[in-house]
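The data block below is start08.cif; it holds mmCIF, C-alpha atoms and all ligand atoms.
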```cif
data_work
#
loop_
_atom_site.label_atom_id
_atom_site.label_comp_id
_atom_site.auth_asym_id
_atom_site.auth_seq_id
_atom_site.Cartn_x
_atom_site.Cartn_y
_atom_site.Cartn_z
CA MET A 1 80.11 122.64 57.86
CA PRO A 2 76.84 124.19 59.10
CA MET A 3 73.79 122.13 59.97
CA PRO A 4 72.29 121.14 56.58
CA GLU A 5 68.92 122.60 55.61
CA VAL A 6 66.42 119.86 56.06
CA LYS A 7 62.84 119.24 55.03
CA ARG A 8 62.77 115.48 55.46
CA VAL A 9 64.96 113.65 57.95
CA LEU A 10 65.57 110.16 59.11
CA LEU A 11 65.94 110.05 62.88
CA LYS A 12 67.78 106.98 64.14
CA LEU A 13 67.53 106.29 67.86
CA SER A 14 69.62 103.53 69.39
CA GLY A 15 67.57 101.06 71.38
CA GLU A 16 69.56 101.97 74.48
CA VAL A 17 67.96 105.38 74.75
CA LEU A 18 64.54 103.76 75.27
CA MET A 19 65.82 102.25 78.52
CA GLY A 20 65.96 105.65 80.23
CA ASP A 21 67.85 104.99 83.45
CA GLN A 22 67.03 101.30 83.47
CA GLN A 23 69.57 98.60 82.58
CA PHE A 24 67.33 96.82 80.12
CA GLY A 25 64.09 97.06 78.18
CA ILE A 26 61.71 99.94 77.67
CA ASP A 27 60.99 102.79 80.10
CA PRO A 28 57.55 104.05 78.98
CA ALA A 29 58.02 107.40 80.74
CA PHE A 30 61.26 108.03 78.88
CA VAL A 31 59.78 106.86 75.58
CA SER A 32 57.02 109.38 76.13
CA GLU A 33 59.61 112.15 76.62
CA LEU A 34 61.32 111.10 73.41
CA ALA A 35 57.98 111.12 71.62
CA GLN A 36 57.41 114.70 72.77
CA GLU A 37 60.73 115.73 71.25
CA VAL A 38 59.85 114.01 67.99
CA LYS A 39 56.44 115.68 67.98
CA ALA A 40 58.01 119.10 68.57
CA ALA A 41 60.39 118.48 65.66
CA GLN A 42 57.51 117.54 63.40
CA GLU A 43 55.63 120.67 64.40
CA THR A 44 58.43 122.76 62.90
CA GLY A 45 57.26 121.42 59.52
CA LEU A 46 59.64 118.50 59.13
CA GLU A 47 58.80 115.19 57.53
CA ILE A 48 60.14 112.48 59.82
CA CYS A 49 61.12 108.88 59.24
CA LEU A 50 62.15 107.00 62.37
CA VAL A 51 64.38 103.97 62.84
CA ILE A 52 64.87 102.54 66.31
CA GLY A 53 67.52 99.99 67.26
CA GLY A 54 67.01 96.97 69.44
CA GLY A 55 70.06 96.94 71.67
CA ASN A 56 68.01 97.60 74.81
CA ILE A 57 66.43 94.16 74.33
CA PHE A 58 68.64 91.93 72.22
CA ARG A 59 71.75 92.18 70.05
CA GLY A 60 72.65 89.38 67.67
CA MET A 61 76.35 89.64 68.44
CA ALA A 62 75.68 89.14 72.16
CA GLY A 63 73.64 86.03 71.43
CA ALA A 64 76.35 84.70 69.11
CA ALA A 65 79.00 85.32 71.78
CA GLN A 66 77.01 83.02 74.05
CA GLY A 67 77.00 80.25 71.49
CA MET A 68 73.80 80.97 69.53
CA ASP A 69 73.73 80.73 65.77
CA ARG A 70 74.52 84.28 64.60
CA ALA A 71 71.80 84.56 61.96
CA GLN A 72 69.19 83.21 64.36
CA ALA A 73 70.30 85.68 67.02
CA ASP A 74 70.15 88.52 64.50
CA TYR A 75 66.54 87.67 63.66
CA MET A 76 65.79 87.93 67.37
CA GLY A 77 67.47 91.34 67.34
CA MET A 78 65.28 92.42 64.44
CA LEU A 79 62.18 91.37 66.34
CA ALA A 80 63.39 93.49 69.25
CA THR A 81 63.41 96.53 66.95
CA VAL A 82 59.77 95.85 66.09
CA MET A 83 58.86 95.91 69.79
CA ASN A 84 60.61 99.24 70.16
CA ALA A 85 58.88 100.60 67.08
CA LEU A 86 55.49 99.63 68.54
CA ALA A 87 56.38 101.25 71.88
CA MET A 88 57.31 104.48 70.10
CA GLN A 89 54.19 104.34 67.92
CA SER A 90 52.04 104.03 71.00
CA ALA A 91 53.80 106.95 72.73
CA LEU A 92 53.50 109.18 69.65
CA GLU A 93 49.85 108.37 69.08
CA LYS A 94 49.07 109.17 72.73
CA LEU A 95 50.30 112.65 71.89
CA GLY A 96 48.00 112.81 68.88
CA VAL A 97 50.72 112.24 66.29
CA SER A 98 49.65 110.03 63.43
CA THR A 99 52.12 107.25 62.64
CA ARG A 100 52.63 104.06 60.71
CA VAL A 101 55.06 101.25 61.43
CA GLN A 102 56.56 99.49 58.40
CA SER A 103 58.57 96.36 59.06
CA ALA A 104 61.22 94.81 56.81
CA ILE A 105 60.04 91.43 58.14
CA GLN A 106 56.44 91.00 57.18
CA MET A 107 54.01 90.61 60.07
CA ASP A 108 50.58 91.54 58.82
CA GLN A 109 48.75 91.46 62.12
CA VAL A 110 51.15 93.92 63.70
CA CYS A 111 52.16 96.50 61.11
CA GLU A 112 52.60 97.25 57.42
CA PRO A 113 55.41 95.82 55.31
CA VAL A 114 57.98 98.27 53.98
CA ILE A 115 56.49 99.79 50.81
CA ARG A 116 58.38 102.89 49.75
CA ARG A 117 55.60 104.54 47.79
CA ARG A 118 53.19 103.97 50.61
CA ALA A 119 55.67 105.45 53.05
CA GLU A 120 55.88 108.51 50.77
CA ARG A 121 52.12 108.91 50.98
CA HIS A 122 52.19 108.64 54.76
CA LEU A 123 54.77 111.40 54.96
CA GLU A 124 52.72 113.59 52.59
CA LYS A 125 49.76 113.14 54.91
CA GLY A 126 51.82 114.28 57.88
CA ARG A 127 52.35 110.87 59.40
CA ILE A 128 55.59 109.75 60.95
CA VAL A 129 56.82 106.49 59.44
CA ILE A 130 58.66 104.17 61.81
CA PHE A 131 60.76 101.66 59.91
CA ALA A 132 61.30 98.46 61.91
CA ALA A 133 63.43 95.30 61.53
CA GLY A 134 66.41 97.08 59.99
CA VAL A 135 67.14 95.91 56.47
CA GLY A 136 65.37 92.62 57.19
CA ALA A 137 68.51 90.52 56.93
CA PRO A 138 70.99 89.17 59.48
CA TYR A 139 74.59 90.43 59.66
CA PHE A 140 73.33 94.00 59.44
CA THR A 141 72.39 96.57 62.04
CA THR A 142 69.71 99.18 62.35
CA ASP A 143 72.35 101.78 61.42
CA SER A 144 72.47 100.17 57.98
CA GLY A 145 68.67 100.05 58.00
CA ALA A 146 68.62 103.77 58.81
CA ALA A 147 71.08 104.60 56.01
CA LEU A 148 69.10 102.50 53.54
CA ARG A 149 65.76 104.10 54.41
CA ALA A 150 67.33 107.57 54.43
CA ALA A 151 68.57 106.93 50.89
CA GLU A 152 65.39 105.44 49.48
CA MET A 153 63.16 108.03 51.15
CA GLN A 154 65.52 110.76 49.90
CA CYS A 155 66.03 112.25 53.33
CA ASP A 156 68.12 115.41 53.60
CA ALA A 157 70.01 114.10 56.62
CA LEU A 158 70.34 111.12 58.91
CA LEU A 159 70.14 112.29 62.51
CA LYS A 160 71.67 109.77 64.87
CA GLY A 161 70.38 110.33 68.41
CA THR A 162 72.48 108.42 70.88
CA SER A 163 73.91 108.73 74.38
CA VAL A 164 77.04 110.69 73.38
CA ASP A 165 77.04 114.20 71.98
CA GLY A 166 79.03 113.51 68.84
CA VAL A 167 81.99 111.73 67.33
CA TYR A 168 85.27 111.72 69.28
CA ASP A 169 88.82 110.88 68.25
CA SER A 170 88.90 108.28 71.05
CA ASP A 171 86.41 106.90 73.56
CA PRO A 172 85.40 109.85 75.81
CA LYS A 173 84.35 107.44 78.55
CA LYS A 174 87.90 106.05 78.75
CA ASN A 175 90.01 109.02 77.67
CA PRO A 176 89.32 112.37 79.41
CA ASP A 177 91.34 114.14 76.67
CA ALA A 178 89.20 112.76 73.86
CA LYS A 179 88.28 115.50 71.37
CA ARG A 180 84.90 115.87 69.71
CA PHE A 181 84.84 116.66 66.00
CA GLU A 182 82.59 119.51 64.83
CA THR A 183 82.68 117.98 61.36
CA VAL A 184 84.46 114.96 59.98
CA SER A 185 84.53 113.36 56.54
CA TYR A 186 83.02 109.97 55.75
CA ASP A 187 86.43 108.78 54.63
CA LYS A 188 88.11 109.72 57.92
CA VAL A 189 85.36 107.97 59.87
CA LEU A 190 85.96 104.83 57.80
CA ALA A 191 89.77 105.01 57.70
CA ASP A 192 90.13 105.67 61.44
CA ASN A 193 87.29 103.34 62.37
CA LEU A 194 85.63 106.10 64.40
CA LYS A 195 82.61 104.96 66.36
CA VAL A 196 79.71 106.57 64.51
CA MET A 197 77.79 103.83 62.77
CA ASP A 198 78.96 100.61 61.21
CA ALA A 199 81.03 100.90 58.06
CA SER A 200 78.33 99.73 55.65
CA ALA A 201 75.97 102.45 56.95
CA VAL A 202 78.62 105.17 56.66
CA ALA A 203 79.56 104.03 53.15
CA LEU A 204 75.93 104.07 52.03
CA CYS A 205 75.53 107.62 53.34
CA ARG A 206 78.78 108.67 51.66
CA ASP A 207 77.77 107.20 48.31
CA ASN A 208 74.46 109.03 48.47
CA GLN A 209 75.85 112.21 50.04
CA ILE A 210 73.56 112.04 53.06
CA PRO A 211 75.00 114.03 55.98
CA ILE A 212 75.03 112.17 59.30
CA VAL A 213 74.36 114.32 62.36
CA VAL A 214 75.41 112.63 65.59
CA PHE A 215 74.03 114.13 68.81
CA SER A 216 72.86 113.21 72.29
CA ILE A 217 69.14 112.53 72.53
CA ARG A 218 69.44 112.07 76.29
CA GLU A 219 69.44 115.81 76.96
CA LYS A 220 66.00 117.32 76.91
CA GLY A 221 65.33 119.68 74.01
CA ASN A 222 68.48 118.69 72.18
CA LEU A 223 66.79 117.47 69.03
CA ALA A 224 65.15 120.88 68.56
CA ARG A 225 68.44 122.68 69.27
CA VAL A 226 70.32 120.52 66.77
CA LEU A 227 67.66 121.10 64.12
CA ALA A 228 67.82 124.85 64.76
CA GLY A 229 71.59 124.75 64.26
CA GLU A 230 72.19 125.61 67.93
CA GLY A 231 73.05 122.21 69.31
CA VAL A 232 76.18 120.27 70.14
CA GLN A 233 76.75 117.64 67.51
CA THR A 234 79.18 116.21 64.97
CA ILE A 235 78.31 116.41 61.30
CA VAL A 236 79.74 113.66 59.13
CA GLY A 237 79.75 114.64 55.48
CA GLY A 238 81.56 116.18 52.54
CA ASN A 239 85.29 115.82 52.42
CA ALA A 240 86.15 118.06 55.35
N1 LIG A 301 69.61 93.35 63.16
C1 LIG A 301 69.89 92.59 62.01
N2 LIG A 301 69.66 93.16 60.77
C2 LIG A 301 69.23 94.44 60.63
C3 LIG A 301 68.97 95.21 61.80
C4 LIG A 301 69.16 94.64 63.04
O1 LIG A 301 70.29 91.46 62.11
O2 LIG A 301 69.05 94.90 59.49
C5 LIG A 301 69.74 92.73 64.51
C6 LIG A 301 71.18 92.63 64.99
O3 LIG A 301 71.30 91.42 65.69
C7 LIG A 301 71.28 93.80 65.96
C8 LIG A 301 69.91 93.83 66.56
O4 LIG A 301 69.05 93.49 65.47
O5 LIG A 301 72.26 93.56 66.94
C9 LIG A 301 69.51 95.14 67.17
O6 LIG A 301 69.83 96.22 66.34
P1 LIG A 301 71.05 97.24 66.66
O7 LIG A 301 72.18 96.50 67.32
O8 LIG A 301 71.35 97.96 65.41
O9 LIG A 301 70.38 98.21 67.71
P2 LIG A 301 70.96 99.53 68.43
O10 LIG A 301 72.42 99.30 68.69
O11 LIG A 301 70.75 100.68 67.51
O12 LIG A 301 70.13 99.65 69.66
#
```
Encoded form using structure tokens:
Amino acid sequence: MPMPEVKRVLLKLSGEVLMGDQQFGIDPAFVSELAQEVKAAQETGLEICLVIGGGNIFRGMAGAAQGMDRAQADYMGMLATVMNALAMQSALEKLGVSTRVQSAIQMDQVCEPVIRRRAERHLEKGRIVIFAAGVGAPYFTTDSGAALRAAEMQCDALLKGTSVDGVYDSDPKKNPDAKRFETVSYDKVLADNLKVMDASAVALCRDNQIPIVVFSIREKGNLARVLAGEGVQTIVGGNA
């Protein structure tokens, strides 16, 4: 399956990549590098929606494991994604890229609420729309948020930029013989519980036939290479 032709994409970055080489939080220098990659992608004529995770700051599951109420911890996680969205907005605007943040949890002083038609208008005007706070409900992740926004904004693909260069048949950090898939079907990802995105996100993409392109955003220039069809990635889609 070749890289799909794309005009509008949803780029999902896991919160972890904003840490750079740190163990926690946001590394502004690295966020600035990411912003440059996003800017370069936009300059090729793409319309870009962005979703950023919150795992570099807080994950609901981690809070729950330490005895917190799960839903409460998840709301904290959602707030973390808003902080990341603001950090990315700031980095992009420093580069002269016009952006808007839309949050699924309303916070008028900070950013806009999610309004699909307004987001459409932003994209038409060449702005990048950063969707924050996932789907706005606990027990979900930003992967589901990304799949949802990709569907409602009618994106041609969901690009998942993470710290590994694709989907493997087993954990490449533990198994040196792990094999990377060039392409893999949604159903295989779900049946074999392959680590791509959570099941609800994969199912939403499958039901709406949105290809998921998993690639490493840690390597400089990789986003552009992937978009040009010259990168290393796994494409989840079809029934391959
Ligand atoms: N979260 C949530 N609902 C959502 C999106 C996120 O409850 O729709 C919470 C959840 O606790 C999650 C945290 O926000 O652990 C951070 O998001 P995620 O783990 O998806 O971030 P990533 O792994 O991409 O950095």
Within 8 Å of ligand LIG 301 (chain A), counting all atoms listed in the file, which protein or nucleic acid residues do you find, written as a short mmCIF file (atom, residue, chain, number, x, y, z; two decimals) with C-alpha atoms, in the frame of the given file?
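Final output, selection-v2.cif:
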```cif
data_model
loop_
_atom_site.label_atom_id
_atom_site.label_comp_id
_atom_site.auth_asym_id
_atom_site.auth_seq_id
_atom_site.Cartn_x
_atom_site.Cartn_y
_atom_site.Cartn_z
CA LYS A 12 67.78 106.98 64.14
CA LEU A 13 67.53 106.29 67.86
CA SER A 14 69.62 103.53 69.39
CA GLY A 15 67.57 101.06 71.38
CA GLU A 16 69.56 101.97 74.48
CA VAL A 17 67.96 105.38 74.75
CA ILE A 52 64.87 102.54 66.31
CA GLY A 53 67.52 99.99 67.26
CA GLY A 54 67.01 96.97 69.44
CA GLY A 55 70.06 96.94 71.67
CA ASN A 56 68.01 97.60 74.81
CA ILE A 57 66.43 94.16 74.33
CA PHE A 58 68.64 91.93 72.22
CA ARG A 59 71.75 92.18 70.05
CA GLY A 60 72.65 89.38 67.67
CA MET A 61 76.35 89.64 68.44
CA ALA A 62 75.68 89.14 72.16
CA ARG A 70 74.52 84.28 64.60
CA ALA A 71 71.80 84.56 61.96
CA ALA A 73 70.30 85.68 67.02
CA ASP A 74 70.15 88.52 64.50
CA TYR A 75 66.54 87.67 63.66
CA MET A 76 65.79 87.93 67.37
CA GLY A 77 67.47 91.34 67.34
CA MET A 78 65.28 92.42 64.44
CA LEU A 79 62.18 91.37 66.34
CA ALA A 80 63.39 93.49 69.25
CA THR A 81 63.41 96.53 66.95
CA ALA A 133 63.43 95.30 61.53
CA GLY A 134 66.41 97.08 59.99
CA VAL A 135 67.14 95.91 56.47
CA GLY A 136 65.37 92.62 57.19
CA ALA A 137 68.51 90.52 56.93
CA PRO A 138 70.99 89.17 59.48
CA TYR A 139 74.59 90.43 59.66
CA PHE A 140 73.33 94.00 59.44
CA THR A 141 72.39 96.57 62.04
CA THR A 142 69.71 99.18 62.35
CA ASP A 143 72.35 101.78 61.42
CA SER A 144 72.47 100.17 57.98
CA GLY A 145 68.67 100.05 58.00
#
```
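Counting only C-alpha atoms and comparing A:Lys160, A:Lys7, A:His122, A:Lys195, the residue that lies closest to Ile212 in chain A is A:Lys160.
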Inset, instruction - Could you tell me which of A:Ile128, A:Val202, A:Val164, A:Ala151 comes closest to Ile217 in chain A if we count only C-alpha atoms? - result: A:Val164
Inset, instruction - Calculate how many Å separate CA of Pro4 in chain A from CA of Thr99 in chain A, rounding to one decimal. - result: 25.2 Å
Legend entry - Minimum-distance residue to Leu223 in chain A, chosen among A:Ala147, A:Val38, A:Ile26, A:Met1 (using all atoms listed in the file): A:Val38
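For the pair CA of Val51 in chain A and CA of Asp21 in chain A, the separation is 20.9 Å.
Counting from CA of Ala104 in chain A, the distance to CA of Val129 in chain A is 12.8 Å.
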Repair of range 151-162 of chain A at the level of all heavy atoms, as a PDB file, keeping the file's coordinate frame:
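Heads up, here's the output in part-v2.pdb:
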```
ATOM      1  N   ALA A 151      68.282 106.802  52.323  1.00  0.00           N
ATOM      2  CA  ALA A 151      68.570 106.930  50.890  1.00  0.00           C
ATOM      3  C   ALA A 151      67.296 106.741  50.076  1.00  0.00           C
ATOM      4  O   ALA A 151      66.974 107.566  49.220  1.00  0.00           O
ATOM      5  CB  ALA A 151      69.630 105.904  50.488  1.00  0.00           C
ATOM      6  N   GLU A 152      66.551 105.693  50.362  1.00  0.00           N
ATOM      7  CA  GLU A 152      65.390 105.440  49.480  1.00  0.00           C
ATOM      8  C   GLU A 152      64.265 106.439  49.704  1.00  0.00           C
ATOM      9  O   GLU A 152      63.500 106.723  48.789  1.00  0.00           O
ATOM     10  CB  GLU A 152      64.909 103.987  49.559  1.00  0.00           C
ATOM     11  CG  GLU A 152      64.266 103.553  50.819  1.00  0.00           C
ATOM     12  CD  GLU A 152      63.692 102.137  50.700  1.00  0.00           C
ATOM     13  OE1 GLU A 152      63.333 101.708  49.587  1.00  0.00           O
ATOM     14  OE2 GLU A 152      63.579 101.470  51.734  1.00  0.00           O
ATOM     15  N   MET A 153      64.187 107.015  50.899  1.00  0.00           N
ATOM     16  CA  MET A 153      63.160 108.030  51.150  1.00  0.00           C
ATOM     17  C   MET A 153      63.685 109.435  50.822  1.00  0.00           C
ATOM     18  O   MET A 153      63.018 110.427  51.082  1.00  0.00           O
ATOM     19  CB  MET A 153      62.689 107.980  52.606  1.00  0.00           C
ATOM     20  CG  MET A 153      62.038 106.669  53.024  1.00  0.00           C
ATOM     21  SD  MET A 153      60.676 106.139  51.953  1.00  0.00           S
ATOM     22  CE  MET A 153      59.493 107.457  52.209  1.00  0.00           C
ATOM     23  N   GLN A 154      64.892 109.493  50.302  1.00  0.00           N
ATOM     24  CA  GLN A 154      65.520 110.760  49.900  1.00  0.00           C
ATOM     25  C   GLN A 154      65.512 111.795  51.025  1.00  0.00           C
ATOM     26  O   GLN A 154      65.097 112.947  50.845  1.00  0.00           O
ATOM     27  CB  GLN A 154      64.841 111.309  48.645  1.00  0.00           C
ATOM     28  CG  GLN A 154      64.975 110.318  47.491  1.00  0.00           C
ATOM     29  CD  GLN A 154      64.471 110.870  46.180  1.00  0.00           C
ATOM     30  OE1 GLN A 154      63.362 111.384  46.112  1.00  0.00           O
ATOM     31  NE2 GLN A 154      65.272 110.746  45.146  1.00  0.00           N
ATOM     32  N   CYS A 155      65.955 111.354  52.184  1.00  0.00           N
ATOM     33  CA  CYS A 155      66.030 112.250  53.330  1.00  0.00           C
ATOM     34  C   CYS A 155      67.209 113.206  53.167  1.00  0.00           C
ATOM     35  O   CYS A 155      68.220 112.850  52.558  1.00  0.00           O
ATOM     36  CB  CYS A 155      66.176 111.446  54.627  1.00  0.00           C
ATOM     37  SG  CYS A 155      64.694 110.475  54.994  1.00  0.00           S
ATOM     38  N   ASP A 156      67.059 114.404  53.722  1.00  0.00           N
ATOM     39  CA  ASP A 156      68.120 115.410  53.600  1.00  0.00           C
ATOM     40  C   ASP A 156      69.252 115.161  54.579  1.00  0.00           C
ATOM     41  O   ASP A 156      70.349 115.688  54.408  1.00  0.00           O
ATOM     42  CB  ASP A 156      67.547 116.812  53.829  1.00  0.00           C
ATOM     43  CG  ASP A 156      66.424 117.109  52.862  1.00  0.00           C
ATOM     44  OD1 ASP A 156      66.617 116.885  51.656  1.00  0.00           O
ATOM     45  OD2 ASP A 156      65.329 117.523  53.315  1.00  0.00           O
ATOM     46  N   ALA A 157      68.961 114.411  55.634  1.00  0.00           N
ATOM     47  CA  ALA A 157      70.010 114.100  56.620  1.00  0.00           C
ATOM     48  C   ALA A 157      69.588 112.886  57.431  1.00  0.00           C
ATOM     49  O   ALA A 157      68.397 112.582  57.550  1.00  0.00           O
ATOM     50  CB  ALA A 157      70.235 115.284  57.555  1.00  0.00           C
ATOM     51  N   LEU A 158      70.599 112.214  57.956  1.00  0.00           N
ATOM     52  CA  LEU A 158      70.340 111.120  58.910  1.00  0.00           C
ATOM     53  C   LEU A 158      70.771 111.648  60.273  1.00  0.00           C
ATOM     54  O   LEU A 158      71.940 111.970  60.481  1.00  0.00           O
ATOM     55  CB  LEU A 158      71.155 109.877  58.519  1.00  0.00           C
ATOM     56  CG  LEU A 158      70.804 108.554  59.192  1.00  0.00           C
ATOM     57  CD1 LEU A 158      71.469 107.390  58.449  1.00  0.00           C
ATOM     58  CD2 LEU A 158      71.188 108.482  60.661  1.00  0.00           C
ATOM     59  N   LEU A 159      69.823 111.808  61.172  1.00  0.00           N
ATOM     60  CA  LEU A 159      70.140 112.290  62.510  1.00  0.00           C
ATOM     61  C   LEU A 159      70.289 111.084  63.413  1.00  0.00           C
ATOM     62  O   LEU A 159      69.346 110.305  63.551  1.00  0.00           O
ATOM     63  CB  LEU A 159      69.019 113.175  63.052  1.00  0.00           C
ATOM     64  CG  LEU A 159      68.530 114.321  62.173  1.00  0.00           C
ATOM     65  CD1 LEU A 159      67.476 115.135  62.919  1.00  0.00           C
ATOM     66  CD2 LEU A 159      69.683 115.231  61.793  1.00  0.00           C
ATOM     67  N   LYS A 160      71.459 110.928  63.994  1.00  0.00           N
ATOM     68  CA  LYS A 160      71.670 109.770  64.870  1.00  0.00           C
ATOM     69  C   LYS A 160      71.649 110.225  66.325  1.00  0.00           C
ATOM     70  O   LYS A 160      72.605 110.822  66.820  1.00  0.00           O
ATOM     71  CB  LYS A 160      72.977 109.059  64.516  1.00  0.00           C
ATOM     72  CG  LYS A 160      73.266 107.996  65.552  1.00  0.00           C
ATOM     73  CD  LYS A 160      74.055 106.839  65.088  1.00  0.00           C
ATOM     74  CE  LYS A 160      74.410 105.991  66.318  1.00  0.00           C
ATOM     75  NZ  LYS A 160      74.626 104.612  66.064  1.00  0.00           N
ATOM     76  N   GLY A 161      70.534 109.965  67.000  1.00  0.00           N
ATOM     77  CA  GLY A 161      70.380 110.330  68.410  1.00  0.00           C
ATOM     78  C   GLY A 161      70.875 109.195  69.278  1.00  0.00           C
ATOM     79  O   GLY A 161      70.361 108.084  69.215  1.00  0.00           O
ATOM     80  N   THR A 162      71.891 109.489  70.095  1.00  0.00           N
ATOM     81  CA  THR A 162      72.480 108.420  70.880  1.00  0.00           C
ATOM     82  C   THR A 162      72.793 108.943  72.280  1.00  0.00           C
ATOM     83  O   THR A 162      72.237 109.968  72.693  1.00  0.00           O
ATOM     84  CB  THR A 162      73.717 107.870  70.097  1.00  0.00           C
ATOM     85  OG1 THR A 162      74.331 106.847  70.829  1.00  0.00           O
ATOM     86  CG2 THR A 162      74.722 108.952  69.761  1.00  0.00           C
TER      87      THR A 162
END
```
